[in-house]
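S.K.: Structure: run-v5.tsv, TSV, N, CA and C atoms.
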```
chain	number	residue	atom	x	y	z
A	30	MET	N	-96.35	85.14	-59.72
A	30	MET	CA	-97.07	83.96	-59.30
A	30	MET	C	-97.20	83.96	-57.78
A	31	THR	N	-98.36	83.62	-57.28
A	31	THR	CA	-98.61	83.55	-55.84
A	31	THR	C	-98.12	82.23	-55.29
A	32	GLN	N	-97.50	82.29	-54.13
A	32	GLN	CA	-97.04	81.07	-53.46
A	32	GLN	C	-98.24	80.27	-52.96
A	33	ASN	N	-98.09	78.97	-52.91
A	33	ASN	CA	-99.14	78.10	-52.41
A	33	ASN	C	-98.61	77.35	-51.19
A	34	ILE	N	-98.65	78.01	-50.05
A	34	ILE	CA	-98.17	77.40	-48.81
A	34	ILE	C	-99.19	76.35	-48.38
A	35	THR	N	-98.73	75.11	-48.27
A	35	THR	CA	-99.66	74.02	-47.98
A	35	THR	C	-99.68	73.62	-46.51
A	36	ARG	N	-98.69	74.05	-45.75
A	36	ARG	CA	-98.64	73.75	-44.32
A	36	ARG	C	-98.23	75.01	-43.57
A	37	SER	N	-98.99	75.36	-42.57
A	37	SER	CA	-98.69	76.56	-41.79
A	37	SER	C	-97.60	76.26	-40.76
A	38	VAL	N	-97.02	77.32	-40.24
A	38	VAL	CA	-96.02	77.16	-39.19
A	38	VAL	C	-96.67	76.52	-37.96
A	39	GLU	N	-97.92	76.86	-37.69
A	39	GLU	CA	-98.62	76.24	-36.56
A	39	GLU	C	-98.71	74.73	-36.73
A	40	GLU	N	-98.96	74.28	-37.95
A	40	GLU	CA	-99.02	72.83	-38.21
A	40	GLU	C	-97.65	72.19	-38.04
A	41	LEU	N	-96.60	72.86	-38.49
A	41	LEU	CA	-95.25	72.32	-38.32
A	41	LEU	C	-94.88	72.21	-36.85
A	42	VAL	N	-95.21	73.23	-36.08
A	42	VAL	CA	-94.91	73.21	-34.64
A	42	VAL	C	-95.71	72.12	-33.95
A	43	ALA	N	-96.99	72.00	-34.29
A	43	ALA	CA	-97.83	70.96	-33.68
A	43	ALA	C	-97.29	69.57	-34.00
A	44	GLU	N	-96.87	69.36	-35.23
A	44	GLU	CA	-96.29	68.07	-35.61
A	44	GLU	C	-95.01	67.80	-34.83
A	45	ALA	N	-94.17	68.80	-34.73
A	45	ALA	CA	-92.93	68.64	-33.95
A	45	ALA	C	-93.25	68.27	-32.52
A	46	ASN	N	-94.20	68.98	-31.93
A	46	ASN	CA	-94.54	68.74	-30.52
A	46	ASN	C	-95.11	67.34	-30.28
A	47	ARG	N	-95.73	66.76	-31.28
A	47	ARG	CA	-96.23	65.38	-31.14
A	47	ARG	C	-95.11	64.36	-31.10
A	48	ASN	N	-93.92	64.76	-31.52
A	48	ASN	CA	-92.83	63.81	-31.70
A	48	ASN	C	-91.60	64.08	-30.84
A	49	ILE	N	-91.69	65.02	-29.92
A	49	ILE	CA	-90.55	65.37	-29.08
A	49	ILE	C	-90.96	65.41	-27.61
A	50	ARG	N	-89.97	65.48	-26.75
A	50	ARG	CA	-90.22	65.59	-25.32
A	50	ARG	C	-90.45	67.06	-24.97
A	51	ILE	N	-91.56	67.32	-24.29
A	51	ILE	CA	-91.90	68.67	-23.86
A	51	ILE	C	-91.91	68.69	-22.34
A	52	LEU	N	-91.14	69.59	-21.77
A	52	LEU	CA	-91.08	69.76	-20.33
A	52	LEU	C	-92.02	70.89	-19.90
A	53	THR	N	-92.51	70.80	-18.69
A	53	THR	CA	-93.18	71.96	-18.10
A	53	THR	C	-92.08	72.93	-17.69
A	54	VAL	N	-92.46	74.16	-17.42
A	54	VAL	CA	-91.47	75.14	-16.94
A	54	VAL	C	-90.89	74.65	-15.62
A	55	ALA	N	-91.72	74.09	-14.76
A	55	ALA	CA	-91.23	73.59	-13.47
A	55	ALA	C	-90.20	72.48	-13.66
A	56	GLU	N	-90.45	71.58	-14.61
A	56	GLU	CA	-89.49	70.52	-14.89
A	56	GLU	C	-88.18	71.10	-15.42
A	57	ALA	N	-88.28	72.09	-16.30
A	57	ALA	CA	-87.08	72.73	-16.84
A	57	ALA	C	-86.30	73.42	-15.73
A	58	MET	N	-87.01	74.10	-14.84
A	58	MET	CA	-86.34	74.78	-13.73
A	58	MET	C	-85.63	73.79	-12.82
A	59	ALA	N	-86.21	72.62	-12.65
A	59	ALA	CA	-85.58	71.59	-11.82
A	59	ALA	C	-84.30	71.05	-12.46
A	60	LEU	N	-84.22	71.10	-13.78
A	60	LEU	CA	-83.03	70.64	-14.49
A	60	LEU	C	-81.94	71.70	-14.56
A	61	HIS	N	-82.33	72.96	-14.45
A	61	HIS	CA	-81.39	74.06	-14.60
A	61	HIS	C	-80.27	73.97	-13.57
A	62	GLY	N	-79.06	74.15	-14.04
A	62	GLY	CA	-77.89	74.15	-13.16
A	62	GLY	C	-77.22	72.79	-13.00
A	63	ARG	N	-77.86	71.74	-13.51
A	63	ARG	CA	-77.23	70.42	-13.43
A	63	ARG	C	-76.11	70.32	-14.46
A	64	ASP	N	-75.03	69.63	-14.08
A	64	ASP	CA	-73.88	69.47	-14.98
A	64	ASP	C	-74.20	68.64	-16.21
A	65	ASP	N	-75.20	67.78	-16.13
A	65	ASP	CA	-75.52	66.90	-17.25
A	65	ASP	C	-76.62	67.46	-18.15
A	66	VAL	N	-76.95	68.75	-17.98
A	66	VAL	CA	-77.99	69.40	-18.77
A	66	VAL	C	-77.43	70.71	-19.32
A	67	LEU	N	-77.70	70.96	-20.59
A	67	LEU	CA	-77.28	72.22	-21.21
A	67	LEU	C	-78.49	72.86	-21.87
A	68	PHE	N	-78.79	74.09	-21.46
A	68	PHE	CA	-79.88	74.84	-22.07
A	68	PHE	C	-79.36	75.51	-23.34
A	69	ILE	N	-80.16	75.45	-24.40
A	69	ILE	CA	-79.79	76.01	-25.69
A	69	ILE	C	-80.82	77.06	-26.08
A	70	ASP	N	-80.39	78.30	-26.20
A	70	ASP	CA	-81.25	79.42	-26.56
A	70	ASP	C	-81.16	79.63	-28.07
A	71	VAL	N	-82.26	79.40	-28.78
A	71	VAL	CA	-82.24	79.51	-30.25
A	71	VAL	C	-82.80	80.84	-30.75
A	72	ARG	N	-82.99	81.80	-29.84
A	72	ARG	CA	-83.52	83.09	-30.26
A	72	ARG	C	-82.49	83.89	-31.03
A	73	ASP	N	-82.97	84.91	-31.68
A	73	ASP	CA	-82.13	85.84	-32.42
A	73	ASP	C	-81.26	86.64	-31.45
A	74	VAL	N	-80.08	86.99	-31.88
A	74	VAL	CA	-79.14	87.74	-31.04
A	74	VAL	C	-79.76	89.05	-30.54
A	75	ARG	N	-80.62	89.67	-31.33
A	75	ARG	CA	-81.27	90.92	-30.89
A	75	ARG	C	-82.20	90.68	-29.71
A	76	GLU	N	-82.84	89.50	-29.68
A	76	GLU	CA	-83.71	89.17	-28.55
A	76	GLU	C	-82.90	89.03	-27.26
A	77	LEU	N	-81.75	88.37	-27.36
A	77	LEU	CA	-80.90	88.22	-26.19
A	77	LEU	C	-80.43	89.58	-25.69
A	78	ALA	N	-80.06	90.44	-26.62
A	78	ALA	CA	-79.59	91.78	-26.25
A	78	ALA	C	-80.68	92.58	-25.55
A	79	GLU	N	-81.91	92.32	-25.90
A	79	GLU	CA	-83.03	93.06	-25.31
A	79	GLU	C	-83.52	92.46	-23.98
A	80	THR	N	-83.54	91.12	-23.90
A	80	THR	CA	-84.21	90.48	-22.76
A	80	THR	C	-83.32	89.66	-21.85
A	81	GLY	N	-82.09	89.39	-22.26
A	81	GLY	CA	-81.23	88.52	-21.48
A	81	GLY	C	-81.48	87.06	-21.82
A	82	ARG	N	-80.98	86.18	-20.95
A	82	ARG	CA	-81.12	84.75	-21.20
A	82	ARG	C	-81.10	83.98	-19.90
A	83	ILE	N	-81.35	82.69	-20.00
A	83	ILE	CA	-81.25	81.81	-18.85
A	83	ILE	C	-79.76	81.64	-18.53
A	84	PRO	N	-79.36	81.85	-17.28
A	84	PRO	CA	-77.94	81.71	-16.93
A	84	PRO	C	-77.38	80.34	-17.33
A	85	GLY	N	-76.20	80.38	-17.94
A	85	GLY	CA	-75.53	79.15	-18.35
A	85	GLY	C	-75.96	78.62	-19.71
A	86	ALA	N	-76.99	79.21	-20.29
A	86	ALA	CA	-77.47	78.74	-21.60
A	86	ALA	C	-76.47	79.11	-22.69
A	87	ARG	N	-76.37	78.24	-23.68
A	87	ARG	CA	-75.58	78.53	-24.87
A	87	ARG	C	-76.49	79.14	-25.92
A	88	HIS	N	-76.01	80.19	-26.57
A	88	HIS	CA	-76.77	80.78	-27.65
A	88	HIS	C	-76.42	80.08	-28.95
A	89	VAL	N	-77.42	79.52	-29.60
A	89	VAL	CA	-77.25	78.85	-30.89
A	89	VAL	C	-78.32	79.41	-31.82
A	90	PRO	N	-77.96	80.35	-32.70
A	90	PRO	CA	-78.96	80.89	-33.60
A	90	PRO	C	-79.67	79.77	-34.37
A	91	ARG	N	-80.99	79.84	-34.45
A	91	ARG	CA	-81.77	78.77	-35.07
A	91	ARG	C	-81.26	78.41	-36.46
A	92	GLY	N	-80.84	79.38	-37.22
A	92	GLY	CA	-80.39	79.13	-38.58
A	92	GLY	C	-79.07	78.37	-38.67
A	93	LEU	N	-78.33	78.27	-37.56
A	93	LEU	CA	-77.05	77.57	-37.56
A	93	LEU	C	-77.10	76.23	-36.82
A	94	LEU	N	-78.22	75.92	-36.20
A	94	LEU	CA	-78.32	74.76	-35.32
A	94	LEU	C	-77.80	73.48	-35.95
A	95	GLU	N	-78.31	73.10	-37.08
A	95	GLU	CA	-77.92	71.83	-37.69
A	95	GLU	C	-76.44	71.81	-38.02
A	96	PHE	N	-75.88	72.93	-38.43
A	96	PHE	CA	-74.46	73.01	-38.75
A	96	PHE	C	-73.59	72.87	-37.50
A	97	TRP	N	-74.06	73.41	-36.38
A	97	TRP	CA	-73.30	73.34	-35.14
A	97	TRP	C	-73.40	71.95	-34.51
A	98	ILE	N	-74.50	71.24	-34.73
A	98	ILE	CA	-74.67	69.89	-34.17
A	98	ILE	C	-73.81	68.87	-34.91
A	99	ASP	N	-73.78	68.94	-36.22
A	99	ASP	CA	-73.14	67.93	-37.07
A	99	ASP	C	-71.62	67.91	-36.88
A	100	PRO	N	-71.06	66.82	-36.35
A	100	PRO	CA	-69.61	66.76	-36.13
A	100	PRO	C	-68.80	66.79	-37.42
A	101	LYS	N	-69.42	66.54	-38.55
A	101	LYS	CA	-68.72	66.60	-39.84
A	101	LYS	C	-68.76	67.98	-40.46
A	102	SER	N	-69.51	68.87	-39.89
A	102	SER	CA	-69.63	70.23	-40.40
A	102	SER	C	-68.42	71.05	-39.97
A	103	PRO	N	-67.94	71.94	-40.83
A	103	PRO	CA	-66.84	72.82	-40.42
A	103	PRO	C	-67.27	73.80	-39.33
A	104	TYR	N	-68.56	73.89	-39.07
A	104	TYR	CA	-69.09	74.82	-38.06
A	104	TYR	C	-69.45	74.12	-36.74
A	105	HIS	N	-69.16	72.83	-36.64
A	105	HIS	CA	-69.51	72.05	-35.45
A	105	HIS	C	-68.99	72.70	-34.17
A	106	LYS	N	-69.83	72.65	-33.12
A	106	LYS	CA	-69.45	73.15	-31.80
A	106	LYS	C	-69.29	71.95	-30.87
A	107	PRO	N	-68.12	71.81	-30.26
A	107	PRO	CA	-67.83	70.64	-29.42
A	107	PRO	C	-68.82	70.39	-28.29
A	108	PHE	N	-69.49	71.42	-27.78
A	108	PHE	CA	-70.43	71.18	-26.67
A	108	PHE	C	-71.59	70.28	-27.11
A	109	PHE	N	-71.87	70.21	-28.42
A	109	PHE	CA	-72.92	69.31	-28.89
A	109	PHE	C	-72.47	67.85	-28.91
A	110	ALA	N	-71.19	67.59	-28.70
A	110	ALA	CA	-70.69	66.21	-28.64
A	110	ALA	C	-70.64	65.69	-27.20
A	111	GLU	N	-70.97	66.54	-26.25
A	111	GLU	CA	-70.94	66.14	-24.84
A	111	GLU	C	-72.13	65.26	-24.49
A	112	GLU	N	-71.94	64.41	-23.50
A	112	GLU	CA	-73.02	63.55	-23.00
A	112	GLU	C	-73.87	64.37	-22.04
A	113	ARG	N	-74.88	65.00	-22.57
A	113	ARG	CA	-75.77	65.85	-21.78
A	113	ARG	C	-77.19	65.73	-22.32
A	114	THR	N	-78.11	66.23	-21.55
A	114	THR	CA	-79.47	66.47	-22.04
A	114	THR	C	-79.50	67.91	-22.53
A	115	PHE	N	-80.00	68.10	-23.73
A	115	PHE	CA	-80.06	69.44	-24.33
A	115	PHE	C	-81.50	69.93	-24.25
A	116	VAL	N	-81.69	71.07	-23.58
A	116	VAL	CA	-83.02	71.65	-23.42
A	116	VAL	C	-83.06	72.94	-24.23
A	117	PHE	N	-83.84	72.91	-25.29
A	117	PHE	CA	-83.94	74.06	-26.20
A	117	PHE	C	-85.05	75.00	-25.74
A	118	TYR	N	-84.84	76.28	-25.99
A	118	TYR	CA	-85.91	77.25	-25.73
A	118	TYR	C	-85.77	78.45	-26.66
A	119	CYS	N	-86.91	79.12	-26.84
A	119	CYS	CA	-86.97	80.37	-27.59
A	119	CYS	C	-87.90	81.30	-26.81
A	120	ALA	N	-88.54	82.23	-27.45
A	120	ALA	CA	-89.40	83.18	-26.75
A	120	ALA	C	-90.67	82.52	-26.23
A	121	VAL	N	-91.38	81.78	-27.11
A	121	VAL	CA	-92.68	81.21	-26.72
A	121	VAL	C	-92.83	79.73	-27.08
A	122	ALA	N	-91.75	79.08	-27.44
A	122	ALA	CA	-91.70	77.62	-27.67
A	122	ALA	C	-92.14	77.16	-29.05
A	123	TRP	N	-92.12	78.03	-30.03
A	123	TRP	CA	-92.38	77.58	-31.41
A	123	TRP	C	-91.07	77.20	-32.09
A	124	ARG	N	-90.11	78.13	-32.11
A	124	ARG	CA	-88.82	77.83	-32.73
A	124	ARG	C	-88.11	76.70	-32.01
A	125	SER	N	-88.26	76.66	-30.68
A	125	SER	CA	-87.59	75.60	-29.93
A	125	SER	C	-88.20	74.23	-30.22
A	126	ALA	N	-89.50	74.18	-30.52
A	126	ALA	CA	-90.11	72.91	-30.92
A	126	ALA	C	-89.48	72.42	-32.22
A	127	LEU	N	-89.35	73.32	-33.18
A	127	LEU	CA	-88.75	72.95	-34.47
A	127	LEU	C	-87.27	72.60	-34.29
A	128	ALA	N	-86.57	73.33	-33.44
A	128	ALA	CA	-85.15	73.05	-33.19
A	128	ALA	C	-84.98	71.69	-32.51
A	129	THR	N	-85.83	71.40	-31.53
A	129	THR	CA	-85.74	70.12	-30.83
A	129	THR	C	-86.01	68.98	-31.80
A	130	ARG	N	-86.99	69.14	-32.65
A	130	ARG	CA	-87.31	68.10	-33.64
A	130	ARG	C	-86.13	67.90	-34.59
A	131	ALA	N	-85.53	68.99	-35.07
A	131	ALA	CA	-84.38	68.88	-35.98
A	131	ALA	C	-83.21	68.18	-35.29
A	132	ALA	N	-82.92	68.56	-34.04
A	132	ALA	CA	-81.81	67.95	-33.30
A	132	ALA	C	-82.08	66.46	-33.09
A	133	GLN	N	-83.29	66.13	-32.72
A	133	GLN	CA	-83.67	64.73	-32.52
A	133	GLN	C	-83.55	63.95	-33.83
A	134	ASP	N	-84.02	64.53	-34.92
A	134	ASP	CA	-83.94	63.86	-36.22
A	134	ASP	C	-82.49	63.63	-36.65
A	135	MET	N	-81.58	64.48	-36.18
A	135	MET	CA	-80.17	64.32	-36.49
A	135	MET	C	-79.50	63.27	-35.62
A	136	GLY	N	-80.18	62.85	-34.54
A	136	GLY	CA	-79.64	61.83	-33.66
A	136	GLY	C	-79.11	62.36	-32.34
A	137	LEU	N	-79.21	63.66	-32.10
A	137	LEU	CA	-78.79	64.21	-30.82
A	137	LEU	C	-79.77	63.73	-29.75
A	138	ALA	N	-79.25	63.24	-28.65
A	138	ALA	CA	-80.15	62.73	-27.61
A	138	ALA	C	-79.43	62.72	-26.28
A	139	PRO	N	-80.18	62.92	-25.22
A	139	PRO	CA	-81.59	63.27	-25.18
A	139	PRO	C	-81.80	64.78	-25.39
A	140	VAL	N	-82.95	65.10	-25.96
A	140	VAL	CA	-83.31	66.49	-26.23
A	140	VAL	C	-84.74	66.75	-25.76
A	141	ALA	N	-85.01	68.01	-25.46
A	141	ALA	CA	-86.35	68.42	-25.05
A	141	ALA	C	-86.46	69.93	-25.23
A	142	HIS	N	-87.67	70.43	-25.10
A	142	HIS	CA	-87.88	71.87	-24.96
A	142	HIS	C	-88.97	72.07	-23.93
A	143	PHE	N	-89.21	73.31	-23.51
A	143	PHE	CA	-90.21	73.50	-22.47
A	143	PHE	C	-91.31	74.45	-22.90
A	144	GLU	N	-92.49	74.17	-22.33
A	144	GLU	CA	-93.71	74.92	-22.65
A	144	GLU	C	-93.54	76.41	-22.37
A	145	GLY	N	-93.99	77.21	-23.30
A	145	GLY	CA	-94.04	78.65	-23.08
A	145	GLY	C	-92.76	79.41	-23.28
A	146	GLY	N	-91.64	78.72	-23.43
A	146	GLY	CA	-90.36	79.37	-23.71
A	146	GLY	C	-89.90	80.35	-22.64
A	147	PHE	N	-89.05	81.27	-23.07
A	147	PHE	CA	-88.42	82.22	-22.16
A	147	PHE	C	-89.44	83.09	-21.44
A	148	GLU	N	-90.53	83.42	-22.15
A	148	GLU	CA	-91.57	84.23	-21.51
A	148	GLU	C	-92.17	83.51	-20.31
A	149	ALA	N	-92.46	82.22	-20.46
A	149	ALA	CA	-93.01	81.43	-19.36
A	149	ALA	C	-91.98	81.27	-18.25
A	150	TRP	N	-90.71	81.12	-18.63
A	150	TRP	CA	-89.63	80.99	-17.65
A	150	TRP	C	-89.60	82.24	-16.75
A	151	LYS	N	-89.63	83.41	-17.37
A	151	LYS	CA	-89.60	84.67	-16.60
A	151	LYS	C	-90.84	84.79	-15.72
A	152	GLU	N	-92.01	84.49	-16.27
A	152	GLU	CA	-93.26	84.58	-15.50
A	152	GLU	C	-93.25	83.66	-14.29
A	153	ALA	N	-92.57	82.51	-14.42
A	153	ALA	CA	-92.49	81.55	-13.32
A	153	ALA	C	-91.41	81.91	-12.30
A	154	GLY	N	-90.69	82.99	-12.55
A	154	GLY	CA	-89.66	83.43	-11.61
A	154	GLY	C	-88.32	82.76	-11.80
A	155	GLY	N	-88.10	82.17	-12.99
A	155	GLY	CA	-86.81	81.55	-13.27
A	155	GLY	C	-85.70	82.58	-13.33
A	156	PRO	N	-84.48	82.17	-13.00
A	156	PRO	CA	-83.37	83.13	-13.05
A	156	PRO	C	-83.11	83.62	-14.47
A	157	VAL	N	-82.76	84.88	-14.58
A	157	VAL	CA	-82.48	85.50	-15.87
A	157	VAL	C	-81.18	86.28	-15.77
A	158	GLN	N	-80.28	86.00	-16.71
A	158	GLN	CA	-79.04	86.76	-16.82
A	158	GLN	C	-79.36	88.02	-17.61
A	159	ALA	N	-79.07	89.17	-17.02
A	159	ALA	CA	-79.37	90.45	-17.67
A	159	ALA	C	-78.60	90.58	-18.99
A	160	PRO	N	-79.18	91.30	-19.92
A	160	PRO	CA	-78.46	91.54	-21.18
A	160	PRO	C	-77.11	92.19	-20.93
A	161	ARG	N	-76.15	91.94	-21.80
A	161	ARG	CA	-74.83	92.55	-21.64
A	161	ARG	C	-74.93	94.06	-21.66
A	162	GLY	N	-74.24	94.65	-20.71
A	162	GLY	CA	-74.21	96.11	-20.67
A	162	GLY	C	-75.43	96.74	-20.04
A	163	ARG	N	-76.38	95.91	-19.59
A	163	ARG	CA	-77.59	96.46	-18.97
A	163	ARG	C	-77.73	95.86	-17.58
A	164	GLN	N	-78.33	96.59	-16.72
A	164	GLN	CA	-78.55	96.12	-15.35
A	164	GLN	C	-79.93	95.49	-15.25
A	165	LYS	N	-80.02	94.39	-14.54
A	165	LYS	CA	-81.31	93.75	-14.31
A	165	LYS	C	-82.13	94.60	-13.36
A	166	GLY	N	-83.42	94.68	-13.65
A	166	GLY	CA	-84.31	95.34	-12.71
A	166	GLY	C	-84.87	96.56	-13.26
```
Can the structure from this file be put into structure tokens for me?
M.R.:
Amino acid sequence: MTQNITRSVEELVAEANRNIRILTVAEAMALHGRDDVLFIDVRDVRELAETGRIPGARHVPRGLLEFWIDPKSPYHKPFFAEERTFVFYCAVAWRSALATRAAQDMGLAPVAHFEGGFEAWKEAGGPVQAPRGRQKG
């Protein structure tokens, strides 16, 4: 039997973006390094190994996000209980839109993500922590 997908991923991302806070890359860069802001990288571990990450960002695999946020979950991560602004990002801002929407729907606040994701961050000259075991440049 053929699947009948009724909503595309593009539609899901567009819907999420209509309901969440979206930062420009410049706004995200202005928040970077503040003690009251935590960047959350929802990309796959292989992406981090290949491209690095934003310095100070926590890696939270997208598939574990809800489990790590929920304080009743056995997988809860204490940094999600801190009073901070959580800025989610991925490669191009699709997964981070869905992650931000899920976090917001769970009651985590304040939350946001930024336009263009990690690719836009790099293009704008944002700082990048080199992948482990590799030299930047």
S.K.: Expressed in Å to a single decimal, how great is the separation between atom C of A:Arg87 and atom C of A:Leu41?
M.R.: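 Computed distance, atom C of A:Arg87 to atom C of A:Leu41, equals 22.5 Å.
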S.K.: Of the residues A:His61, A:Glu152, A:Asp73, A:Gln133, which is the one nearest to A:Arg91, using all atoms listed in the file?
M.R.: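 Smallest distance to A:Arg91 is found for A:Asp73.
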S.K.: Would you pick out the contacts of A:Ile98 at 8 Å or less, using all atoms listed in the file, so that residues sharing its chain but fewer than 5 positions from it are not included, and give the list as a PDB file with N, CA and C atoms, in the coordinates of the input?
M.R.:
```pdb
ATOM      1  N   LEU A  93     -78.330  78.270 -37.560  1.00  0.00           N
ATOM      2  CA  LEU A  93     -77.050  77.570 -37.560  1.00  0.00           C
ATOM      3  C   LEU A  93     -77.100  76.230 -36.820  1.00  0.00           C
ATOM      4  N   TYR A 104     -68.560  73.890 -39.070  1.00  0.00           N
ATOM      5  CA  TYR A 104     -69.090  74.820 -38.060  1.00  0.00           C
ATOM      6  C   TYR A 104     -69.450  74.120 -36.740  1.00  0.00           C
ATOM      7  N   HIS A 105     -69.160  72.830 -36.640  1.00  0.00           N
ATOM      8  CA  HIS A 105     -69.510  72.050 -35.450  1.00  0.00           C
ATOM      9  C   HIS A 105     -68.990  72.700 -34.170  1.00  0.00           C
ATOM     10  N   LYS A 106     -69.830  72.650 -33.120  1.00  0.00           N
ATOM     11  CA  LYS A 106     -69.450  73.150 -31.800  1.00  0.00           C
ATOM     12  C   LYS A 106     -69.290  71.950 -30.870  1.00  0.00           C
ATOM     13  N   PRO A 107     -68.120  71.810 -30.260  1.00  0.00           N
ATOM     14  CA  PRO A 107     -67.830  70.640 -29.420  1.00  0.00           C
ATOM     15  C   PRO A 107     -68.820  70.390 -28.290  1.00  0.00           C
ATOM     16  N   PHE A 108     -69.490  71.420 -27.780  1.00  0.00           N
ATOM     17  CA  PHE A 108     -70.430  71.180 -26.670  1.00  0.00           C
ATOM     18  C   PHE A 108     -71.590  70.280 -27.110  1.00  0.00           C
ATOM     19  N   PHE A 109     -71.870  70.210 -28.420  1.00  0.00           N
ATOM     20  CA  PHE A 109     -72.920  69.310 -28.890  1.00  0.00           C
ATOM     21  C   PHE A 109     -72.470  67.850 -28.910  1.00  0.00           C
ATOM     22  N   ALA A 110     -71.190  67.590 -28.700  1.00  0.00           N
ATOM     23  CA  ALA A 110     -70.690  66.210 -28.640  1.00  0.00           C
ATOM     24  C   ALA A 110     -70.640  65.690 -27.200  1.00  0.00           C
ATOM     25  N   ALA A 132     -82.920  68.560 -34.040  1.00  0.00           N
ATOM     26  CA  ALA A 132     -81.810  67.950 -33.300  1.00  0.00           C
ATOM     27  C   ALA A 132     -82.080  66.460 -33.090  1.00  0.00           C
ATOM     28  N   MET A 135     -81.580  64.480 -36.180  1.00  0.00           N
ATOM     29  CA  MET A 135     -80.170  64.320 -36.490  1.00  0.00           C
ATOM     30  C   MET A 135     -79.500  63.270 -35.620  1.00  0.00           C
ATOM     31  N   LEU A 137     -79.210  63.660 -32.100  1.00  0.00           N
ATOM     32  CA  LEU A 137     -78.790  64.210 -30.820  1.00  0.00           C
ATOM     33  C   LEU A 137     -79.770  63.730 -29.750  1.00  0.00           C
TER      34      LEU A 137
END
```
S.K.: Which of these residues is nearest to A:Val71, using only C-alpha atoms: A:Glu95, A:Glu44, A:Glu112, A:Asp134?
M.R.: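 Closest to A:Val71 of all the choices is A:Glu95.
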S.K.: If you run DSSP on the backbone, which residues of chain A are helix (DSSP H, G or I), as a ChimeraX atom specification?
M.R.: /A:38-47,54-60,74-80,91-98,107-110,124-135,146-152
S.K.: Scan for residues within 6 Å of the point (-81.1, 79.2, -23.0) in the coordinates of the file, using only C-alpha atoms, and reply as a VMD selection string.
M.R.: chain A and resid 68 to 70 82 to 83 86 to 87 118
S.K.: Show which residues sit within 7 Å of A:Ala45, as a ChimeraX atom specification. Count all atoms listed in the file, and ignore same-chain residues fewer than 6 positions away.
M.R.: /A:126-127,130
S.K.: Take the residues from that selection and put them in a file with N, CA and C atoms, as a compact mmCIF listing (two decimals), keeping the file's coordinate frame.
M.R.:
```txt
# COMPACT_ATOMS: atom_id res chain seq x y z
N ALA A 126 -89.50 74.18 -30.52
CA ALA A 126 -90.11 72.91 -30.92
C ALA A 126 -89.48 72.42 -32.22
N LEU A 127 -89.35 73.32 -33.18
CA LEU A 127 -88.75 72.95 -34.47
C LEU A 127 -87.27 72.60 -34.29
N ARG A 130 -86.99 69.14 -32.65
CA ARG A 130 -87.31 68.10 -33.64
C ARG A 130 -86.13 67.90 -34.59
```
S.K.: For the structure I just gave you, how does DSSP split stretch 69-164 of chain A - specifically, which residues are strand (DSSP E or B)? Reply as a list in words.
M.R.: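 Reading the DSSP output for stretch 69-164 of chain A, strand (DSSP E or B) covers Ile69, Asp70, Arg82, Arg87, His88, Thr114, Phe115, Val116, Phe117, Tyr118, Val140, Ala141, His142, Phe143 and Gln158 of chain A.
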S.K.: Residues within 6.5 Å of A:Val42, please, as a PyMOL selection string. Count all atoms listed in the file; anything in the same chain fewer than 4 positions from it doesn't count.
M.R.: chain A and resi 37-38+46-47+123+126-127
S.K.: Within 8 Å of A:Val54, counting only N, CA and C atoms, which residues show up once you throw out same-chain ones fewer than 6 positions away? Write them as a ChimeraX atom specification, please.
M.R.: /A:60,142-146,149-150,153
S.K.: I'd like the interatomic distance between atom CA of A:Thr114 and atom CA of A:Phe96, to a tenth of an Å.
M.R.: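 Separation of atom CA of A:Thr114 and atom CA of A:Phe96: 18.6 Å.
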S.K.: Using only N, CA and C atoms for the distances, tell me which of A:Lys151, A:Trp97, A:Thr80, A:Arg72 is nearest to A:Ser125.
M.R.: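 Smallest separation from A:Ser125 among the options: A:Arg72.
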S.K.: Name the residues in contact with A:Ala141 at a cut-off of 8 Å, using only C-alpha atoms, excluding same-chain residues fewer than 4 positions from it; report them as a list in words.
M.R.: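 Everything that qualifies: Ile49, Arg50, Ile51, Leu52, Thr114, Phe115, Val116, Phe117 and Thr129 of chain A.
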S.K.: Since we have the selection now, will you write its residues out, keeping N, CA and C atoms, as a PDB file, in the coordinates of the input?
M.R.:
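The new file selection39.pdb reads:
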```
ATOM      1  N   ILE A  49     -91.690  65.020 -29.920  1.00  0.00           N
ATOM      2  CA  ILE A  49     -90.550  65.370 -29.080  1.00  0.00           C
ATOM      3  C   ILE A  49     -90.960  65.410 -27.610  1.00  0.00           C
ATOM      4  N   ARG A  50     -89.970  65.480 -26.750  1.00  0.00           N
ATOM      5  CA  ARG A  50     -90.220  65.590 -25.320  1.00  0.00           C
ATOM      6  C   ARG A  50     -90.450  67.060 -24.970  1.00  0.00           C
ATOM      7  N   ILE A  51     -91.560  67.320 -24.290  1.00  0.00           N
ATOM      8  CA  ILE A  51     -91.900  68.670 -23.860  1.00  0.00           C
ATOM      9  C   ILE A  51     -91.910  68.690 -22.340  1.00  0.00           C
ATOM     10  N   LEU A  52     -91.140  69.590 -21.770  1.00  0.00           N
ATOM     11  CA  LEU A  52     -91.080  69.760 -20.330  1.00  0.00           C
ATOM     12  C   LEU A  52     -92.020  70.890 -19.900  1.00  0.00           C
ATOM     13  N   THR A 114     -78.110  66.230 -21.550  1.00  0.00           N
ATOM     14  CA  THR A 114     -79.470  66.470 -22.040  1.00  0.00           C
ATOM     15  C   THR A 114     -79.500  67.910 -22.530  1.00  0.00           C
ATOM     16  N   PHE A 115     -80.000  68.100 -23.730  1.00  0.00           N
ATOM     17  CA  PHE A 115     -80.060  69.440 -24.330  1.00  0.00           C
ATOM     18  C   PHE A 115     -81.500  69.930 -24.250  1.00  0.00           C
ATOM     19  N   VAL A 116     -81.690  71.070 -23.580  1.00  0.00           N
ATOM     20  CA  VAL A 116     -83.020  71.650 -23.420  1.00  0.00           C
ATOM     21  C   VAL A 116     -83.060  72.940 -24.230  1.00  0.00           C
ATOM     22  N   PHE A 117     -83.840  72.910 -25.290  1.00  0.00           N
ATOM     23  CA  PHE A 117     -83.940  74.060 -26.200  1.00  0.00           C
ATOM     24  C   PHE A 117     -85.050  75.000 -25.740  1.00  0.00           C
ATOM     25  N   THR A 129     -85.830  71.400 -31.530  1.00  0.00           N
ATOM     26  CA  THR A 129     -85.740  70.120 -30.830  1.00  0.00           C
ATOM     27  C   THR A 129     -86.010  68.980 -31.800  1.00  0.00           C
TER      28      THR A 129
END
```
